>>> print(open('input.pdb').read())   # PDB, C-alpha atoms
ATOM      1  CA  MET A 259      99.190 117.655 125.918
ATOM      2  CA  ILE A 260      98.719 119.101 122.430
ATOM      3  CA  ASP A 261      95.585 118.016 120.585
ATOM      4  CA  LEU A 262      96.336 117.053 116.981
ATOM      5  CA  TYR A 263      93.319 117.054 114.701
ATOM      6  CA  ALA A 264      94.341 115.016 111.682
ATOM      7  CA  TRP A 265      93.749 112.180 109.260
ATOM      8  CA  ASN A 266      96.135 109.782 107.535
ATOM      9  CA  THR A 267      97.302 112.208 104.845
ATOM     10  CA  PRO A 268     100.665 113.745 103.940
ATOM     11  CA  ASN A 269      99.758 116.980 105.703
ATOM     12  CA  GLY A 270      98.686 115.101 108.807
ATOM     13  CA  ARG A 271     101.924 113.112 108.840
ATOM     14  CA  LYS A 272     104.031 116.265 108.670
ATOM     15  CA  ILE A 273     102.743 117.216 112.076
ATOM     16  CA  SER A 274     102.859 113.799 113.734
ATOM     17  CA  VAL A 275     106.502 113.477 112.640
ATOM     18  CA  ALA A 276     107.319 116.982 113.900
ATOM     19  CA  LEU A 277     105.661 116.364 117.264
ATOM     20  CA  GLU A 278     107.648 113.159 117.685
ATOM     21  CA  GLU A 279     110.906 114.818 116.628
ATOM     22  CA  MET A 280     110.290 117.649 119.092
ATOM     23  CA  ALA A 281     109.353 115.207 121.883
ATOM     24  CA  LEU A 282     106.100 117.069 122.552
ATOM     25  CA  PRO A 283     103.293 115.101 124.205
ATOM     26  CA  TYR A 284     100.163 114.981 122.074
ATOM     27  CA  ARG A 285      96.978 113.093 121.486
ATOM     28  CA  VAL A 286      95.373 112.463 118.117
ATOM     29  CA  ILE A 287      91.788 113.462 117.497
ATOM     30  CA  PRO A 288      90.910 111.877 114.136
ATOM     31  CA  VAL A 289      88.950 114.017 111.695
ATOM     32  CA  ASP A 290      87.441 111.623 109.160
ATOM     33  CA  ILE A 291      87.623 113.668 105.990
ATOM     34  CA  THR A 292      86.051 110.793 104.032
ATOM     35  CA  GLN A 293      82.852 111.383 106.008
ATOM     36  CA  GLY A 294      82.928 115.198 105.980
ATOM     37  CA  ALA A 295      83.993 115.578 109.619
ATOM     38  CA  GLN A 296      86.142 118.569 108.609
ATOM     39  CA  HIS A 297      82.924 120.548 108.129
ATOM     40  CA  ALA A 298      81.677 120.033 111.677
ATOM     41  CA  PRO A 299      81.124 123.340 113.538
ATOM     42  CA  ASP A 300      83.430 122.335 116.399
ATOM     43  CA  PHE A 301      86.281 121.676 113.982
ATOM     44  CA  LEU A 302      85.590 124.840 111.983
ATOM     45  CA  ALA A 303      86.042 126.819 115.188
ATOM     46  CA  ILE A 304      89.637 125.541 115.227
ATOM     47  CA  SER A 305      90.324 125.363 111.493
ATOM     48  CA  PRO A 306      88.146 127.914 109.635
ATOM     49  CA  ASN A 307      89.369 126.646 106.246
ATOM     50  CA  ASN A 308      87.897 123.202 107.098
ATOM     51  CA  ARG A 309      91.178 121.430 106.362
ATOM     52  CA  ILE A 310      93.321 119.127 108.439
ATOM     53  CA  PRO A 311      95.661 119.244 110.246
ATOM     54  CA  ALA A 312      95.072 121.629 113.122
ATOM     55  CA  ILE A 313      96.296 121.694 116.678
ATOM     56  CA  VAL A 314      95.217 123.130 119.988
ATOM     57  CA  ASP A 315      98.055 123.857 122.376
ATOM     58  CA  PRO A 316      96.703 124.261 125.922
ATOM     59  CA  ASP A 317      99.892 126.105 126.853
ATOM     60  CA  GLY A 318      99.938 128.917 124.313
ATOM     61  CA  PRO A 319     102.270 131.935 124.239
ATOM     62  CA  ASP A 320     100.389 133.637 127.085
ATOM     63  CA  GLY A 321      99.777 130.429 129.006
ATOM     64  CA  SER A 322      96.254 129.987 127.645
ATOM     65  CA  PRO A 323      95.086 127.621 124.870
ATOM     66  CA  ILE A 324      95.760 128.536 121.249
ATOM     67  CA  PRO A 325      94.446 126.840 118.099
ATOM     68  CA  VAL A 326      96.679 126.767 115.027
ATOM     69  CA  PHE A 327      95.595 125.685 111.547
ATOM     70  CA  GLU A 328      97.516 125.207 108.248
ATOM     71  CA  SER A 329     100.377 122.721 108.396
ATOM     72  CA  GLY A 330     103.121 125.238 107.597
ATOM     73  CA  ALA A 331     101.941 127.586 110.342
ATOM     74  CA  ILE A 332     101.760 124.652 112.765
ATOM     75  CA  LEU A 333     105.336 123.623 111.980
ATOM     76  CA  LEU A 334     106.610 127.164 112.526
ATOM     77  CA  TYR A 335     104.623 127.504 115.737
ATOM     78  CA  LEU A 336     106.021 124.249 117.114
ATOM     79  CA  ALA A 337     109.562 125.156 116.068
ATOM     80  CA  GLU A 338     109.327 128.491 117.851
ATOM     81  CA  LYS A 339     107.698 126.907 120.898
ATOM     82  CA  THR A 340     110.474 124.360 121.315
ATOM     83  CA  GLY A 341     113.384 126.315 119.870
ATOM     84  CA  ARG A 342     114.145 123.361 117.608
ATOM     85  CA  PHE A 343     114.385 122.682 113.868
ATOM     86  CA  LEU A 344     114.339 126.334 112.799
ATOM     87  CA  PRO A 345     117.986 127.361 112.491
ATOM     88  CA  GLU A 346     119.274 130.380 114.394
ATOM     89  CA  ASP A 347     121.806 131.135 111.675
ATOM     90  CA  ARG A 348     119.999 133.673 109.492
ATOM     91  CA  ARG A 349     121.062 132.214 106.164
ATOM     92  CA  GLN A 350     120.020 128.729 107.206
ATOM     93  CA  ARG A 351     116.756 130.105 108.624
ATOM     94  CA  VAL A 352     115.982 131.774 105.305
ATOM     95  CA  ALA A 353     116.688 128.470 103.546
ATOM     96  CA  ALA A 354     114.365 126.615 105.930
ATOM     97  CA  LEU A 355     111.594 129.131 105.276
ATOM     98  CA  GLU A 356     112.172 129.016 101.521
ATOM     99  CA  TRP A 357     111.930 125.249 101.356
ATOM    100  CA  LEU A 358     108.942 125.150 103.683
ATOM    101  CA  MET A 359     107.132 127.610 101.399
ATOM    102  CA  TRP A 360     108.294 125.579  98.378
ATOM    103  CA  GLN A 361     106.580 122.559  99.830
ATOM    104  CA  MET A 362     103.419 124.450 100.751
ATOM    105  CA  GLY A 363     103.105 126.129  97.363
ATOM    106  CA  GLY A 364     104.210 123.318  95.065
ATOM    107  CA  PHE A 365     105.380 120.012  96.522
ATOM    108  CA  GLY A 366     101.988 119.172  97.935
ATOM    109  CA  PRO A 367      99.417 120.872  95.722
ATOM    110  CA  MET A 368     100.935 119.371  92.553
ATOM    111  CA  PRO A 369     101.265 115.742  93.734
ATOM    112  CA  GLY A 370      97.845 116.194  95.315
ATOM    113  CA  GLN A 371      96.413 116.899  91.876
ATOM    114  CA  VAL A 372      98.099 113.744  90.575
ATOM    115  CA  HIS A 373      96.328 111.815  93.348
ATOM    116  CA  HIS A 374      93.041 113.397  92.288
ATOM    117  CA  PHE A 375      93.319 112.697  88.576
ATOM    118  CA  LEU A 376      94.389 109.114  89.184
ATOM    119  CA  SER A 377      91.075 108.643  90.970
ATOM    120  CA  VAL A 378      88.785 109.940  88.215
ATOM    121  CA  ALA A 379      87.463 108.045  85.228
ATOM    122  CA  GLU A 380      90.158 107.329  82.653
ATOM    123  CA  ALA A 381      88.307 109.265  79.967
ATOM    124  CA  ASP A 382      88.462 112.411  82.131
ATOM    125  CA  ARG A 383      92.001 112.195  83.410
ATOM    126  CA  ALA A 384      94.440 112.497  80.482
ATOM    127  CA  TYR A 385      95.090 116.253  80.371
ATOM    128  CA  GLY A 386      95.067 116.852  84.114
ATOM    129  CA  LEU A 387      97.188 113.824  84.915
ATOM    130  CA  ALA A 388      99.784 114.708  82.269
ATOM    131  CA  ARG A 389      99.940 118.333  83.418
ATOM    132  CA  TYR A 390     100.346 117.659  87.118
ATOM    133  CA  SER A 391     102.590 114.618  86.700
ATOM    134  CA  LYS A 392     105.006 116.710  84.648
ATOM    135  CA  GLU A 393     105.078 119.414  87.310
ATOM    136  CA  THR A 394     105.468 116.866  90.100
ATOM    137  CA  HIS A 395     108.502 115.368  88.367
ATOM    138  CA  ARG A 396     109.926 118.843  87.836
ATOM    139  CA  LEU A 397     109.626 119.510  91.570
ATOM    140  CA  TYR A 398     111.368 116.235  92.394
ATOM    141  CA  GLY A 399     114.168 117.371  90.109
ATOM    142  CA  VAL A 400     114.421 120.685  91.942
ATOM    143  CA  LEU A 401     114.631 118.830  95.249
ATOM    144  CA  ASP A 402     117.180 116.357  93.893
ATOM    145  CA  ARG A 403     119.486 119.162  92.765
ATOM    146  CA  ARG A 404     119.193 120.879  96.134
ATOM    147  CA  LEU A 405     119.981 117.697  98.028
ATOM    148  CA  ALA A 406     123.071 117.166  95.902
ATOM    149  CA  GLN A 407     124.456 120.220  97.722
ATOM    150  CA  VAL A 408     123.254 119.715 101.307
ATOM    151  CA  ALA A 409     122.358 116.890 103.675
ATOM    152  CA  TYR A 410     118.982 118.461 104.511
ATOM    153  CA  VAL A 411     117.141 121.105 102.554
ATOM    154  CA  ALA A 412     118.168 124.033 104.786
ATOM    155  CA  GLY A 413     121.578 122.579 105.648
ATOM    156  CA  PRO A 414     120.689 121.395 109.179
ATOM    157  CA  LEU A 415     117.564 119.323 109.784
ATOM    158  CA  SER A 416     114.534 121.616 109.944
ATOM    159  CA  VAL A 417     110.779 121.797 109.805
ATOM    160  CA  ALA A 418     111.113 122.082 106.022
ATOM    161  CA  ASP A 419     112.332 118.470 105.915
ATOM    162  CA  PHE A 420     109.327 117.316 107.941
ATOM    163  CA  ALA A 421     106.988 119.154 105.578
ATOM    164  CA  ILE A 422     108.545 117.664 102.451
ATOM    165  CA  LEU A 423     108.781 114.187 103.957
ATOM    166  CA  GLY A 424     105.013 114.051 104.429
ATOM    167  CA  TRP A 425     104.558 114.261 100.674
ATOM    168  CA  ALA A 426     107.624 112.271  99.606
ATOM    169  CA  TRP A 427     106.129 109.456 101.699
ATOM    170  CA  ARG A 428     103.450 109.183  99.016
ATOM    171  CA  HIS A 429     105.863 109.050  96.066
ATOM    172  CA  GLU A 430     104.520 105.695  94.905
ATOM    173  CA  ARG A 431     100.971 106.998  94.918
ATOM    174  CA  HIS A 432     101.892 109.893  92.663
ATOM    175  CA  GLN A 433     103.828 107.506  90.425
ATOM    176  CA  VAL A 434     107.359 108.661  91.111
ATOM    177  CA  ASP A 435     110.245 106.196  91.246
ATOM    178  CA  LEU A 436     112.843 107.539  93.650
ATOM    179  CA  ALA A 437     115.503 105.654  91.704
ATOM    180  CA  ASP A 438     115.159 108.491  89.195
ATOM    181  CA  TYR A 439     116.088 110.987  91.905
ATOM    182  CA  PRO A 440     119.036 109.469  93.782
ATOM    183  CA  GLN A 441     119.662 112.421  96.090
ATOM    184  CA  VAL A 442     116.017 112.457  97.118
ATOM    185  CA  ARG A 443     116.244 108.704  97.686
ATOM    186  CA  ARG A 444     119.286 109.158  99.936
ATOM    187  CA  TRP A 445     117.565 111.918 101.940
ATOM    188  CA  TYR A 446     114.276 110.020 102.119
ATOM    189  CA  ASP A 447     115.918 106.837 103.419
ATOM    190  CA  ARG A 448     117.896 108.844 105.964
ATOM    191  CA  MET A 449     114.761 110.615 107.179
ATOM    192  CA  MET A 450     112.727 107.434 107.401
ATOM    193  CA  GLU A 451     115.454 105.760 109.463
ATOM    194  CA  ARG A 452     114.984 108.326 112.226
ATOM    195  CA  PRO A 453     113.180 106.721 115.194
ATOM    196  CA  ALA A 454     111.008 109.786 115.759
ATOM    197  CA  ALA A 455     109.951 109.855 112.109
ATOM    198  CA  GLN A 456     109.077 106.171 112.320
ATOM    199  CA  ARG A 457     106.905 106.867 115.348
ATOM    200  CA  GLY A 458     105.289 109.772 113.545
ATOM    201  CA  PHE A 459     104.276 107.518 110.678
ATOM    202  CA  ALA A 460     103.272 104.649 112.917
ATOM    203  CA  VAL A 461     100.837 106.567 115.114
ATOM    204  CA  SER A 462      97.221 106.087 114.085
ATOM    205  CA  LEU A 463      95.667 109.228 112.621
ATOM    206  CA  SER A 464      92.409 107.559 111.655
TER
END
>>> encode(input="input.pdb", output="structure tokens")
Amino acid sequence: MIDLYAWNTPNGRKISVALEEMALPYRVIPVDITQGAQHAPDFLAISPNNRIPAIVDPDGPDGSPIPVFESGAILLYLAEKTGRFLPEDRRQRVAALEWLMWQMGGFGPMPGQVHHFLSVAEADRAYGLARYSKETHRLYGVLDRRLAQVAYVAGPLSVADFAILGWAWRHERHQVDLADYPQVRRWYDRMMERPAAQRGFAVSLS
């Protein structure tokens, strides 16, 4: 039983969806980031960057428990553990890694800044909101063009799709209309129709 330390955020949902898709048993240990629980010493021992999500797998590579922090690292760890959703074909594997890193470096941090600036006083938000909204829309355009060529971002379904889905799930919050990005809309609807993805979003993380 894998312990998932998470909260109801895009990064937390990446992992709950992946665990469901991989049919791995897990239990959720909520980390209430609104109350500073991510700074607790016990959690810092698992996630030294005091960020959710993190996992503890009691059956690590050598048969002993292993903690893993950072959502991208968790997805790769789970993919390697199960042998699923990380293509064996080298070209497709490179694509999966590229798009996973694309999400980690851009399609997450940029919409996250939109979320932040929408929450500050209107007098303080104009520059930041304009800057990060423009970049968020650019990233949606990049994704839309990619998905015009392939069914999933790496070709076959992969951990990169789970990573991106966690943030696309919040498209309304970062003020993006998926009607403007029809290929993303098609992919998003297809992903959200998956029973495992539905379970991953339905499970309580808080």
>>> resolve_selection(input="input.pdb", expression="the PyMOL selection byres ((chain A and resi 287-302) around 12)", output="PDB file with C-alpha atoms, in the coordinates of the input")
ATOM      1  CA  MET A 259      99.190 117.655 125.918  1.00  0.00           C
ATOM      2  CA  ILE A 260      98.719 119.101 122.430  1.00  0.00           C
ATOM      3  CA  ASP A 261      95.585 118.016 120.585  1.00  0.00           C
ATOM      4  CA  LEU A 262      96.336 117.053 116.981  1.00  0.00           C
ATOM      5  CA  TYR A 263      93.319 117.054 114.701  1.00  0.00           C
ATOM      6  CA  ALA A 264      94.341 115.016 111.682  1.00  0.00           C
ATOM      7  CA  TRP A 265      93.749 112.180 109.260  1.00  0.00           C
ATOM      8  CA  ASN A 266      96.135 109.782 107.535  1.00  0.00           C
ATOM      9  CA  THR A 267      97.302 112.208 104.845  1.00  0.00           C
ATOM     10  CA  GLY A 270      98.686 115.101 108.807  1.00  0.00           C
ATOM     11  CA  SER A 274     102.859 113.799 113.734  1.00  0.00           C
ATOM     12  CA  TYR A 284     100.163 114.981 122.074  1.00  0.00           C
ATOM     13  CA  ARG A 285      96.978 113.093 121.486  1.00  0.00           C
ATOM     14  CA  VAL A 286      95.373 112.463 118.117  1.00  0.00           C
ATOM     15  CA  ALA A 303      86.042 126.819 115.188  1.00  0.00           C
ATOM     16  CA  ILE A 304      89.637 125.541 115.227  1.00  0.00           C
ATOM     17  CA  SER A 305      90.324 125.363 111.493  1.00  0.00           C
ATOM     18  CA  PRO A 306      88.146 127.914 109.635  1.00  0.00           C
ATOM     19  CA  ASN A 307      89.369 126.646 106.246  1.00  0.00           C
ATOM     20  CA  ASN A 308      87.897 123.202 107.098  1.00  0.00           C
ATOM     21  CA  ARG A 309      91.178 121.430 106.362  1.00  0.00           C
ATOM     22  CA  ILE A 310      93.321 119.127 108.439  1.00  0.00           C
ATOM     23  CA  PRO A 311      95.661 119.244 110.246  1.00  0.00           C
ATOM     24  CA  ALA A 312      95.072 121.629 113.122  1.00  0.00           C
ATOM     25  CA  ILE A 313      96.296 121.694 116.678  1.00  0.00           C
ATOM     26  CA  VAL A 314      95.217 123.130 119.988  1.00  0.00           C
ATOM     27  CA  PRO A 325      94.446 126.840 118.099  1.00  0.00           C
ATOM     28  CA  VAL A 326      96.679 126.767 115.027  1.00  0.00           C
ATOM     29  CA  PHE A 327      95.595 125.685 111.547  1.00  0.00           C
ATOM     30  CA  VAL A 461     100.837 106.567 115.114  1.00  0.00           C
ATOM     31  CA  SER A 462      97.221 106.087 114.085  1.00  0.00           C
ATOM     32  CA  LEU A 463      95.667 109.228 112.621  1.00  0.00           C
ATOM     33  CA  SER A 464      92.409 107.559 111.655  1.00  0.00           C
TER      34      SER A 464
END
>>> atom_distance(input="input.pdb", atom1="atom CA of Leu401 of chain A", atom2="atom CA of Arg431 of chain A")
18.1 Å
>>> resolve_selection(input="input.pdb", expression="the PyMOL selection byres ((chain A and resi 415) around 12)", output="compact mmCIF listing (two decimals) with C-alpha atoms, in the coordinates of the input")
# COMPACT_ATOMS: atom_id res chain seq x y z
CA ALA A 276 107.32 116.98 113.90
CA GLU A 279 110.91 114.82 116.63
CA MET A 280 110.29 117.65 119.09
CA ALA A 337 109.56 125.16 116.07
CA ARG A 342 114.14 123.36 117.61
CA PHE A 343 114.38 122.68 113.87
CA LEU A 344 114.34 126.33 112.80
CA PRO A 345 117.99 127.36 112.49
CA GLN A 350 120.02 128.73 107.21
CA ARG A 351 116.76 130.10 108.62
CA ALA A 353 116.69 128.47 103.55
CA ALA A 354 114.36 126.62 105.93
CA TRP A 357 111.93 125.25 101.36
CA VAL A 408 123.25 119.72 101.31
CA ALA A 409 122.36 116.89 103.68
CA TYR A 410 118.98 118.46 104.51
CA VAL A 411 117.14 121.10 102.55
CA ALA A 412 118.17 124.03 104.79
CA GLY A 413 121.58 122.58 105.65
CA PRO A 414 120.69 121.40 109.18
CA SER A 416 114.53 121.62 109.94
CA VAL A 417 110.78 121.80 109.80
CA ALA A 418 111.11 122.08 106.02
CA ASP A 419 112.33 118.47 105.92
CA PHE A 420 109.33 117.32 107.94
CA ALA A 421 106.99 119.15 105.58
CA ILE A 422 108.54 117.66 102.45
CA LEU A 423 108.78 114.19 103.96
CA TRP A 445 117.56 111.92 101.94
CA ARG A 448 117.90 108.84 105.96
CA MET A 449 114.76 110.62 107.18
CA ARG A 452 114.98 108.33 112.23
>>> closest_residue(input="input.pdb", among="A:Leu436, A:Ile332, A:Leu397, A:Ile324", to="Leu277 of chain A", atoms="all atoms listed in the file")
A:Ile332
>>> closest_residue(input="input.pdb", among="A:Gly386, A:Asp315, A:Ser329, A:Thr340", to="Ala281 of chain A", atoms="all atoms listed in the file")
A:Thr340
>>> atom_distance(input="input.pdb", atom1="atom CA of Arg271 of chain A", atom2="atom CA of Tyr446 of chain A")
14.4 Å
>>> atom_distance(input="input.pdb", atom1="atom CA of Val275 of chain A", atom2="atom CA of Ala460 of chain A")
9.4 Å
>>> closest_residue(input="input.pdb", among="A:Glu328, A:Glu338, A:Asp320, A:Asp438", to="His395 of chain A", atoms="only C-alpha atoms")
A:Asp438
>>> closest_residue(input="input.pdb", among="A:Thr394, A:Ser322, A:Gln456, A:Gln407", to="His432 of chain A", atoms="only C-alpha atoms")
A:Thr394
>>> closest_residue(input="input.pdb", among="A:Arg349, A:Val378, A:Trp425, A:Ala406", to="Gln361 of chain A", atoms="only C-alpha atoms")
A:Trp425
